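Colleague: Here it is, the structure, as structure tokens.
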Amino acid sequence: MVFPGLEEVAAEEIEGILKGQVKRKAPGLVVFRVPQVDAAVLQLRTVEDVFLLAWGTDKLSYRASDLKRIRAWTARDADWDRLLRLHHAIRPKPKGKPSFHLVTQMTGAHGYRRTDARKALAEGLAGKLPASWRSAEENAAVEIWLTIHDATAVCGLRLSDQTMRHRSYKLEHLPASLRPTVAAAMARLAQIKARQVVLDPMCGAGTILAEVLELARAEGIRLAAVWGGDLESNALRATGPNLRRLGHVLLARWDARSLPLPDRSVDRIVCNPPFGKQLSRPEDIGPLYQRFLRECERVLRPGGRSVLLASDQAALKDAAYALNWECERQVRVRILGQPAFVSAWRKD
Ligand SMILES: C[S@@+](CC[C@H](N)C(=O)[O-])C[C@H]1O[C@@H](n2cnc3c(N)ncnc32)[C@H](O)[C@@H]1O
């Protein structure tokens, strides 16, 4: 399961890191096959959760007859013994009485309720789990999820836990802090290479810097330097503890419109500037982007890249095109309840 909008980027990570074969993409979902199912699937950084697929369909009818099919697919189409063996190999059973938890999520206008779908799942599972297992709401050894989104339904065993999406480095939170999987996608889109200098000039709690360091570690990329800064000392107080265990980052308090950095000293800028609604005067967003991007242009080396997350994409494009930057890629997401874009730019 992925943050909606990141399907393509996650598919690229799955193919690149796991040598997986992507079978299908749907909003919030990437279905893939790997040569070998092992704990490496939990190393993915652009995905929110990983499941062993029991069954899936993109042909729900929205009618109550789907319930019969959910029951039948659960009972007949999945090899639960094998799925449980794979699950236990990756996530050893916790001590104590074995327990399971059924989770059902449903969006779309279906002619049945979520509780009906859950009941159909439970009925299909009858006799499939060991008889001694009990249902538990919390800390269950096994979670079986049924996710229905419009005509698509997937049912699977959850391999990940919440540390996959929330990360264990996030000790300090800020209200505007970015979701780690989105930051990881931005780091990937930056196409970071060895011996490069990477900068987040408005780093907040440092999520992007953390994901840059993690990406470099996972892919064995030795960076020349990672730099970050923010206007607010409050933000920087959160950044230090979040990054301490991940690697060395030079942090400074600065105004990103006037960076204390030499011309042409940076290879990659990965940044999530404030959204208009986070400013006291939202109409200031255009001038902020213009001054900020001019400064990025100054510190970037020729051929350098910027990956930026913005809600006002039109204002960002105006500022970037004025500098003759070339847009290499654009990914649509929803952040803080509003449409936003991650875009990757190249300075010629
Ligand atoms: C959306 S937040 C970034 C969140 C960050 N990516 C994280 O995950 O925590 C935007 C940040 O830009 C900072 N900021 C706003 N204007 C700035 C400026 N002119 N120079 C430097 N930082 C600025 C804010 O203080 C805020 O921390």
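In the structure tokens, each chain is lettered A, B, ... as it comes, each chain's residues begin at 1, and ligands are numbered from 1 in order of appearance.
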Would you write out, as a tab-separated table, a table of all residues in chain A that have an atom no more than 7 Å from an atom of ligand 1, listing for each the closest atom pair and the distance in Å to one decimal, considering only C-alpha atoms and all ligand atoms and ordering rows by chain and rising residue number?
Modeller:
residue	atom	partner	partner_atom_place_in_ligand_line	distance
A:Leu174	CA	ligand 1	9 (O)	6.1
A:Ala176	CA	ligand 1	1 (C)	5.0
A:Ser177	CA	ligand 1	9 (O)	3.4
A:Leu178	CA	ligand 1	8 (O)	3.7
A:Arg179	CA	ligand 1	8 (O)	6.8
A:Pro201	CA	ligand 1	21 (C)	6.0
A:Met202	CA	ligand 1	22 (N)	4.0
A:Cys203	CA	ligand 1	5 (C)	4.8
A:Gly204	CA	ligand 1	27 (O)	3.5
A:Ala205	CA	ligand 1	9 (O)	3.6
A:Gly206	CA	ligand 1	9 (O)	5.1
A:Thr207	CA	ligand 1	8 (O)	4.1
A:Ile208	CA	ligand 1	6 (N)	5.7
A:Gly229	CA	ligand 1	21 (C)	6.5
A:Asp230	CA	ligand 1	22 (N)	3.8
A:Leu231	CA	ligand 1	21 (C)	4.0
A:Glu232	CA	ligand 1	25 (O)	4.8
A:Ala235	CA	ligand 1	27 (O)	5.5
A:Trp254	CA	ligand 1	21 (C)	5.8
A:Asp255	CA	ligand 1	20 (N)	3.6
A:Ala256	CA	ligand 1	20 (N)	3.8
A:Arg257	CA	ligand 1	19 (N)	5.6
A:Cys271	CA	ligand 1	6 (N)	6.4
A:Asn272	CA	ligand 1	6 (N)	5.0
A:Pro273	CA	ligand 1	10 (C)	4.6
A:Pro274	CA	ligand 1	10 (C)	4.1
A:Phe275	CA	ligand 1	1 (C)	6.5
Colleague: For A:Pro27, find every residue with an atom within 9 Å (counting only C-alpha atoms), except residues of its own chain fewer than 6 positions away, and show them as a list of chain:residue names.
Modeller: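 Within the cut-off, the hits are A:Val2, A:Phe3, A:Pro4, A:Gly5, A:Leu6, A:Glu7, A:His149.
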Colleague: Output the selection as a PDB file, in the first residue's frame - all heavy atoms for each residue.
Modeller:
ATOM      1  N   VAL A   2       0.517   2.187  -0.806  1.00  0.00           N
ATOM      2  CA  VAL A   2       1.344   3.379  -0.925  1.00  0.00           C
ATOM      3  C   VAL A   2       0.502   4.619  -0.698  1.00  0.00           C
ATOM      4  O   VAL A   2      -0.720   4.573  -0.815  1.00  0.00           O
ATOM      5  CB  VAL A   2       2.026   3.474  -2.323  1.00  0.00           C
ATOM      6  CG1 VAL A   2       2.924   2.281  -2.564  1.00  0.00           C
ATOM      7  CG2 VAL A   2       1.001   3.589  -3.431  1.00  0.00           C
ATOM      8  N   PHE A   3       1.186   5.699  -0.387  1.00  0.00           N
ATOM      9  CA  PHE A   3       0.519   6.985  -0.278  1.00  0.00           C
ATOM     10  C   PHE A   3      -0.009   7.322  -1.672  1.00  0.00           C
ATOM     11  O   PHE A   3       0.756   7.288  -2.648  1.00  0.00           O
ATOM     12  CB  PHE A   3       1.548   8.022   0.188  1.00  0.00           C
ATOM     13  CG  PHE A   3       0.973   9.349   0.538  1.00  0.00           C
ATOM     14  CD1 PHE A   3       0.345   9.538   1.762  1.00  0.00           C
ATOM     15  CD2 PHE A   3       1.055  10.413  -0.347  1.00  0.00           C
ATOM     16  CE1 PHE A   3      -0.182  10.771   2.085  1.00  0.00           C
ATOM     17  CE2 PHE A   3       0.531  11.641  -0.029  1.00  0.00           C
ATOM     18  CZ  PHE A   3      -0.089  11.831   1.192  1.00  0.00           C
ATOM     19  N   PRO A   4      -1.316   7.628  -1.816  1.00  0.00           N
ATOM     20  CA  PRO A   4      -1.863   7.826  -3.155  1.00  0.00           C
ATOM     21  C   PRO A   4      -1.075   8.865  -3.954  1.00  0.00           C
ATOM     22  O   PRO A   4      -0.782   9.953  -3.451  1.00  0.00           O
ATOM     23  CB  PRO A   4      -3.304   8.300  -2.880  1.00  0.00           C
ATOM     24  CG  PRO A   4      -3.631   7.677  -1.563  1.00  0.00           C
ATOM     25  CD  PRO A   4      -2.348   7.712  -0.766  1.00  0.00           C
ATOM     26  N   GLY A   5      -0.707   8.487  -5.155  1.00  0.00           N
ATOM     27  CA  GLY A   5       0.099   9.359  -6.013  1.00  0.00           C
ATOM     28  C   GLY A   5       1.519   8.809  -6.170  1.00  0.00           C
ATOM     29  O   GLY A   5       2.202   9.087  -7.144  1.00  0.00           O
ATOM     30  N   LEU A   6       1.945   7.990  -5.196  1.00  0.00           N
ATOM     31  CA  LEU A   6       3.328   7.493  -5.229  1.00  0.00           C
ATOM     32  C   LEU A   6       3.446   6.112  -5.880  1.00  0.00           C
ATOM     33  O   LEU A   6       4.494   5.479  -5.786  1.00  0.00           O
ATOM     34  CB  LEU A   6       3.914   7.439  -3.817  1.00  0.00           C
ATOM     35  CG  LEU A   6       4.034   8.762  -3.060  1.00  0.00           C
ATOM     36  CD1 LEU A   6       4.821   8.562  -1.778  1.00  0.00           C
ATOM     37  CD2 LEU A   6       4.713   9.833  -3.917  1.00  0.00           C
ATOM     38  N   GLU A   7       2.380   5.645  -6.523  1.00  0.00           N
ATOM     39  CA  GLU A   7       2.385   4.280  -7.067  1.00  0.00           C
ATOM     40  C   GLU A   7       3.567   4.058  -8.012  1.00  0.00           C
ATOM     41  O   GLU A   7       4.266   3.047  -7.941  1.00  0.00           O
ATOM     42  CB  GLU A   7       1.068   3.978  -7.816  1.00  0.00           C
ATOM     43  CG  GLU A   7      -0.186   4.020  -6.948  1.00  0.00           C
ATOM     44  CD  GLU A   7      -0.721   5.422  -6.728  1.00  0.00           C
ATOM     45  OE1 GLU A   7      -0.201   6.366  -7.360  1.00  0.00           O
ATOM     46  OE2 GLU A   7      -1.656   5.593  -5.935  1.00  0.00           O
ATOM     47  N   HIS A 149     -11.506  -0.622  -2.627  1.00  0.00           N
ATOM     48  CA  HIS A 149     -11.525   0.750  -3.136  1.00  0.00           C
ATOM     49  C   HIS A 149     -12.199   0.698  -4.503  1.00  0.00           C
ATOM     50  O   HIS A 149     -11.656   0.121  -5.448  1.00  0.00           O
ATOM     51  CB  HIS A 149     -10.103   1.289  -3.231  1.00  0.00           C
ATOM     52  CG  HIS A 149     -10.027   2.659  -3.845  1.00  0.00           C
ATOM     53  ND1 HIS A 149     -10.561   3.772  -3.239  1.00  0.00           N
ATOM     54  CD2 HIS A 149      -9.514   3.086  -5.019  1.00  0.00           C
ATOM     55  CE1 HIS A 149     -10.370   4.824  -4.024  1.00  0.00           C
ATOM     56  NE2 HIS A 149      -9.739   4.430  -5.110  1.00  0.00           N
TER      57      HIS A 149
END
Colleague: Could you tell me how far atom CA of A:Glu8 lies from atom CA of A:Leu29, in Å and to one decimal?
Modeller: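 So the answer is 9.9 Å.
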Colleague: What's around A:Val47 at 12 Å? Count only C-alpha atoms, leave out sequence neighbours fewer than 4 positions away in its own chain, and write the answer as a VMD selection string.
Modeller: chain A and resid 1 to 14 28 to 31 41 to 43 51 160 to 167 179 to 185
Colleague: Rounded to one decimal in Å, what is the spacing between atom CA of A:Ser233 and atom CA of A:Pro262?
Modeller: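 Atom-to-atom, atom CA of A:Ser233 to atom CA of A:Pro262, that is 22.6 Å.
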Colleague: Could you work out how far atom CA of A:Leu44 lies from atom CA of A:Val226, giving the answer in Å with one decimal?
Modeller: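 So the answer is 21.9 Å.
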Colleague: Which polymer residues have any atom within 10 Å of an atom of A:Thr115, counting only C-alpha atoms, with same-chain residues fewer than 5 positions away left out, as a PyMOL selection string?
Modeller: chain A and resi 104-106+120-121
Colleague: Please provide the set of residues having any atom within 10 Å of A:Leu250, restricted to only C-alpha atoms, with same-chain residues fewer than 4 positions apart removed, written as a PDB file with N, CA, C and O atoms, in the first residue's frame.
Modeller:
ATOM      1  N   LEU A 199      21.164  19.293  -0.430  1.00  0.00           N
ATOM      2  CA  LEU A 199      20.723  20.392   0.443  1.00  0.00           C
ATOM      3  C   LEU A 199      19.207  20.409   0.580  1.00  0.00           C
ATOM      4  O   LEU A 199      18.481  20.260  -0.414  1.00  0.00           O
ATOM      5  N   ALA A 225      28.494  15.677   1.059  1.00  0.00           N
ATOM      6  CA  ALA A 225      27.965  16.407   2.225  1.00  0.00           C
ATOM      7  C   ALA A 225      26.451  16.484   2.135  1.00  0.00           C
ATOM      8  O   ALA A 225      25.880  16.422   1.040  1.00  0.00           O
ATOM      9  N   VAL A 226      25.832  16.598   3.309  1.00  0.00           N
ATOM     10  CA  VAL A 226      24.387  16.841   3.375  1.00  0.00           C
ATOM     11  C   VAL A 226      24.198  18.088   4.236  1.00  0.00           C
ATOM     12  O   VAL A 226      24.692  18.143   5.366  1.00  0.00           O
ATOM     13  N   TRP A 227      23.519  19.086   3.676  1.00  0.00           N
ATOM     14  CA  TRP A 227      23.337  20.352   4.382  1.00  0.00           C
ATOM     15  C   TRP A 227      21.849  20.636   4.546  1.00  0.00           C
ATOM     16  O   TRP A 227      21.045  20.345   3.649  1.00  0.00           O
ATOM     17  N   GLY A 228      21.513  21.236   5.674  1.00  0.00           N
ATOM     18  CA  GLY A 228      20.118  21.613   5.895  1.00  0.00           C
ATOM     19  C   GLY A 228      20.029  22.873   6.721  1.00  0.00           C
ATOM     20  O   GLY A 228      20.964  23.235   7.435  1.00  0.00           O
ATOM     21  N   GLY A 229      18.893  23.543   6.611  1.00  0.00           N
ATOM     22  CA  GLY A 229      18.689  24.746   7.418  1.00  0.00           C
ATOM     23  C   GLY A 229      17.242  25.150   7.430  1.00  0.00           C
ATOM     24  O   GLY A 229      16.420  24.626   6.665  1.00  0.00           O
ATOM     25  N   GLY A 240      17.942  18.148  14.820  1.00  0.00           N
ATOM     26  CA  GLY A 240      19.155  17.526  15.401  1.00  0.00           C
ATOM     27  C   GLY A 240      18.876  16.121  15.921  1.00  0.00           C
ATOM     28  O   GLY A 240      19.461  15.146  15.417  1.00  0.00           O
TER      29      GLY A 240
END
Colleague: When you look at A:Leu84 with a cut-off of 12 Å (counting only C-alpha atoms), what residues show up, excluding the ones that are within fewer than 2 positions of it in the same chain? I need them as a list of chain:residue names.
Modeller: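 What passes the distance filter is A:Phe51, A:Leu52, A:Leu53, A:Ala54, A:Ala78, A:Asp79, A:Trp80, A:Asp81, A:Arg82, A:Leu86, A:His87, A:His88, A:Ala89, A:Ile90, A:Arg91, A:Pro92, A:Lys93, A:Phe100, A:Lys128, A:Leu129, A:Pro130, A:Ala141, A:Val142, A:Glu143, A:Ile144, A:Gly156, A:Leu157, A:Arg158, A:Leu159.
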